[in-house]
$ cat model17.txt   # compact mmCIF, C-alpha atoms and all ligand atoms
# COMPACT_ATOMS: atom_id res chain seq x y z
CA MET R 1 -22.36 -1.36 25.72
CA LEU R 2 -19.22 0.57 26.57
CA THR R 3 -17.13 -2.58 26.71
CA VAL R 4 -18.33 -3.63 23.28
CA ALA R 5 -17.34 -0.25 21.84
CA ALA R 6 -13.98 -0.41 23.61
CA LEU R 7 -13.39 -3.90 22.29
CA ALA R 8 -14.33 -2.86 18.76
CA SER R 9 -11.97 0.11 18.82
CA LEU R 10 -9.24 -2.13 20.22
CA ILE R 11 -9.70 -4.56 17.35
CA ILE R 12 -9.60 -1.71 14.83
CA LEU R 13 -6.45 -0.29 16.42
CA GLY R 14 -4.86 -3.71 16.48
CA TYR R 15 -5.69 -4.25 12.83
CA ALA R 16 -4.32 -0.82 11.91
CA ALA R 17 -1.10 -1.53 13.80
CA PHE R 18 -0.79 -4.89 12.07
CA TYR R 19 -1.37 -3.27 8.69
CA LEU R 20 1.25 -0.59 9.33
CA ILE R 21 3.78 -3.21 10.44
CA LYS R 22 3.00 -5.20 7.31
CA CYS R 23 3.48 -2.10 5.16
CA TYR R 24 6.76 -1.38 6.92
CA ALA R 25 8.06 -4.90 6.43
CA VAL R 26 6.78 -5.35 2.87
CA PRO R 27 6.45 -1.90 1.30
CA PHE R 28 5.53 -3.23 -2.11
CA GLY R 29 2.41 -5.08 -3.09
CA PRO R 30 1.42 -6.52 -6.45
CA CYS R 31 0.16 -4.01 -9.00
CA ARG R 32 -3.61 -4.19 -9.17
CA ARG R 33 -3.87 -3.23 -12.81
CA CYS R 34 -1.59 -5.93 -14.20
CA LYS R 35 -1.88 -8.29 -11.19
CA GLY R 36 1.88 -8.29 -10.67
CA ALA R 37 2.71 -9.29 -14.24
CA GLY R 38 4.24 -5.93 -15.18
CA GLU R 39 2.59 -5.95 -18.57
CA ARG R 40 -0.91 -5.79 -19.89
CA ARG R 41 -2.57 -6.22 -23.22
CA GLY R 42 -4.19 -3.35 -25.03
CA ARG R 43 -7.94 -3.29 -25.40
CA ILE R 44 -8.02 -2.74 -29.16
CA ILE R 45 -4.66 -4.09 -30.28
CA ARG R 46 -3.79 -7.25 -28.36
CA LEU R 47 -0.12 -6.52 -27.90
CA LYS R 48 1.77 -6.88 -24.68
CA ARG R 49 2.55 -3.48 -23.31
CA GLU R 50 4.41 -2.29 -20.29
CA CYS R 51 1.96 -1.57 -17.49
CA PRO R 52 1.76 2.23 -17.18
CA ARG R 53 0.89 2.11 -13.51
CA CYS R 54 3.92 0.20 -12.24
CA ALA R 55 6.22 0.86 -15.24
CA GLY R 56 6.66 -2.85 -15.90
CA THR R 57 7.82 -3.77 -12.42
CA GLY R 58 4.55 -5.48 -11.40
CA LYS R 59 4.79 -3.89 -7.98
CA ARG R 60 3.29 -0.84 -6.38
CA VAL R 61 3.98 1.01 -3.18
CA ARG R 62 1.35 0.28 -0.55
CA VAL R 63 -0.75 3.17 0.69
CA GLY R 64 0.29 2.46 4.28
CA ARG R 65 3.95 2.80 3.32
CA ARG R 66 3.28 6.25 1.91
CA VAL R 67 1.59 7.16 5.19
CA ILE R 68 4.63 5.94 7.14
CA GLU R 69 7.00 7.89 4.90
CA ARG R 70 4.90 11.03 5.23
CA ILE R 71 4.87 10.76 9.03
CA ARG R 72 8.62 10.15 9.02
CA THR R 73 9.41 13.22 6.89
CA GLU R 74 7.09 15.36 9.01
CA TYR R 75 8.79 14.07 12.14
CA ARG R 76 12.25 14.81 10.74
CA ALA R 77 11.24 18.28 9.58
CA GLY R 78 9.96 19.07 13.04
CA ASN R 79 13.11 17.89 14.79
CA GLN R 80 15.74 19.85 12.92
ZN ZN C 101 1.20 -2.93 -13.23

$ encode --input "model17.txt" --output "structure tokens"
Amino acid sequence: MLTVAALASLIILGYAAFYLIKCYAVPFGPCRRCKGAGERRGRIIRLKRECPRCAGTGKRVRVGRRVIERIRTEYRAGNQ
């Protein structure tokens, strides 16, 4: 049973590492609200409007990238 748990944690760690590398390489992902279009239509008035979440860019910063940046600033603050 121990080996199964060890293997599972290894897979999780490997996936987390892969995700962080992915976030480092490609910090931006498509905006979920407008699906990368940068604009969305209003619910009542069907006019194209700039997506408020990504400000019309269609991209958003990945959560993992924010984590990396937070770790980096903490690391820098501690090494001054
Ligand atoms: Zn958007």

$ residues_near_ligand --input "model17.txt" --ligand "ligand ZN 101 (chain C)" --cutoff "6 Å" --atoms "only C-alpha atoms and all ligand atoms" --output "list in words"
Cys31, Arg33, Cys34, Gly36, Gly38, Cys51, Arg53, Cys54 and Gly58 of chain R

$ write_last_selection --input "model17.txt" --atoms "C-alpha atoms" --output "mmCIF file, in the frame of the given file"
data_model
loop_
_atom_site.group_PDB
_atom_site.id
_atom_site.type_symbol
_atom_site.label_atom_id
_atom_site.label_comp_id
_atom_site.auth_asym_id
_atom_site.auth_seq_id
_atom_site.Cartn_x
_atom_site.Cartn_y
_atom_site.Cartn_z
ATOM 1 C CA CYS R 31 0.160 -4.010 -9.000
ATOM 2 C CA ARG R 33 -3.870 -3.230 -12.810
ATOM 3 C CA CYS R 34 -1.590 -5.930 -14.200
ATOM 4 C CA GLY R 36 1.880 -8.290 -10.670
ATOM 5 C CA GLY R 38 4.240 -5.930 -15.180
ATOM 6 C CA CYS R 51 1.960 -1.570 -17.490
ATOM 7 C CA ARG R 53 0.890 2.110 -13.510
ATOM 8 C CA CYS R 54 3.920 0.200 -12.240
ATOM 9 C CA GLY R 58 4.550 -5.480 -11.400
#

$ residues_near_point --input "model17.txt" --point "(9.3, -4.9, -0.3)" --cutoff "10 Å" --atoms "only C-alpha atoms" --output "mmCIF file with C-alpha atoms, in the frame of the given file"
data_model
loop_
_atom_site.group_PDB
_atom_site.id
_atom_site.type_symbol
_atom_site.label_atom_id
_atom_site.label_comp_id
_atom_site.auth_asym_id
_atom_site.auth_seq_id
_atom_site.Cartn_x
_atom_site.Cartn_y
_atom_site.Cartn_z
ATOM 1 C CA LYS R 22 3.000 -5.200 7.310
ATOM 2 C CA CYS R 23 3.480 -2.100 5.160
ATOM 3 C CA TYR R 24 6.760 -1.380 6.920
ATOM 4 C CA ALA R 25 8.060 -4.900 6.430
ATOM 5 C CA VAL R 26 6.780 -5.350 2.870
ATOM 6 C CA PRO R 27 6.450 -1.900 1.300
ATOM 7 C CA PHE R 28 5.530 -3.230 -2.110
ATOM 8 C CA GLY R 29 2.410 -5.080 -3.090
ATOM 9 C CA LYS R 59 4.790 -3.890 -7.980
ATOM 10 C CA ARG R 60 3.290 -0.840 -6.380
ATOM 11 C CA VAL R 61 3.980 1.010 -3.180
ATOM 12 C CA ARG R 62 1.350 0.280 -0.550
#

$ atom_distance --input "model17.txt" --atom1 "atom CA of R:Ala55" --atom2 "atom CA of R:Arg43"
17.9 Å

$ atom_distance --input "model17.txt" --atom1 "atom CA of R:Ala17" --atom2 "atom CA of R:Val63"
13.9 Å

$ atom_distance --input "model17.txt" --atom1 "atom CA of R:Glu50" --atom2 "atom CA of R:Ala37"
9.4 Å

$ axis_aligned_box --input "model17.txt" --around "stretch 45-60 of chain R" --padding-each-side "8 Å" --output "AutoDock Vina command-line options"
--center_x 1.6 --center_y -2.5 --center_z -18.3 --size_x 28.5 --size_y 25.5 --size_z 39.9

$ closest_residue --input "model17.txt" --among "R:Pro52, R:Leu2, R:Pro30, R:Gly64" --to "R:Ala16" --atoms "only C-alpha atoms"
R:Gly64

$ closest_residue --input "model17.txt" --among "R:Ser9, R:Arg72, R:Gly56, R:Thr3" --to "R:Arg40" --atoms "all atoms listed in the file"
R:Gly56

$ closest_residue --input "model17.txt" --among "R:Ile71, R:Thr57, R:Arg66, R:Leu7" --to "R:Lys35" --atoms "all atoms listed in the file"
R:Thr57
